[in-house]
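Report on the structure given below.
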Amino acid sequence: MELDDDLNRLSRDELVAEVRALRRGIRAHRDSSGHDLCWHHPQLWGLLPERVEPEVAVPPWPRFMRGCVRYRESLQAQLPDAPVDDREYGG
């Protein structure tokens, strides 16, 4: 079975509702800011019809931290004028 075969069985109204739900999810992910950028977003994966338990693997701490630094550097390069959110993570 193709992953998206379920779309063939949806009515126009159901398809429109699906598109709206996906857009909401994409916008929520897009609009993440501050420390929320550091987290994976399983709620976005939950918008897919197939239910799987993702097998998340994490790198060892030193590699993970180097990746965080590179990610922050890429934000600085791509968005040099972005406002700085200086709040401490409180999670």
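Just remember, in the structure tokens the first chain shown is A, the second B, etc., residues are 1-based per chain, and ligands are 1-based in the order shown.
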May I have all residues of segment 21-55 of chain A that DSSP, computed from the backbone, assigns to alpha helix (DSSP H), given as a ChimeraX atom specification?
-> /A:21-30,42-45
Long-range neighbours of segment 52-64 of chain A as number ranges by chain, 10 Å cut-off, only C-alpha atoms, 6 positions minimum in chain = A: 40, 42, 45-46, 70
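Of the residues listed (A:Arg23, A:Leu37, A:Asp5, A:Glu88), A:Leu37 shows the shortest atom-to-atom separation from Tyr71 of chain A; distances use only C-alpha atoms.
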Which of A:Ile26, A:Gly34, A:Glu18, A:Met65 sits closest to Ala82 of chain A [using only C-alpha atoms] |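 Result for the nearest residue to Ala82 of chain A: A:Gly34.
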Of the listed residues A:Arg12, A:Asp6, A:Leu48, A:Cys38, that which approaches Gly25 of chain A most closely, counting only C-alpha atoms = A:Leu48
Given the choices A:Ser74, A:Pro80, A:Leu22, A:Cys68, which gets closest to His35 of chain A if the distance is worked out from only C-alpha atoms?
->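 Comparing A:Ser74, A:Pro80, A:Leu22, A:Cys68 against His35 of chain A, the winner is A:Cys68.
Between atom CA of Arg87 of chain A and atom CA of Arg27 of chain A lies a distance of 22.8 Å.
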Atom pair atom CA of His29 of chain A / atom CA of Leu10 of chain A: separation (Å) =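 A separation of 25.6 Å between them.
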Separation of atom CA of Arg51 of chain A and atom CA of Asp4 of chain A, in Å?
-> 13.1 Å
Find the residues near Pro83 of chain A: any atom within 12 Å, counting only C-alpha atoms, skip ones fewer than 5 places away on the same chain, and give them as an MDAnalysis selection string.
-> chainID A and resid 33:34 75:76
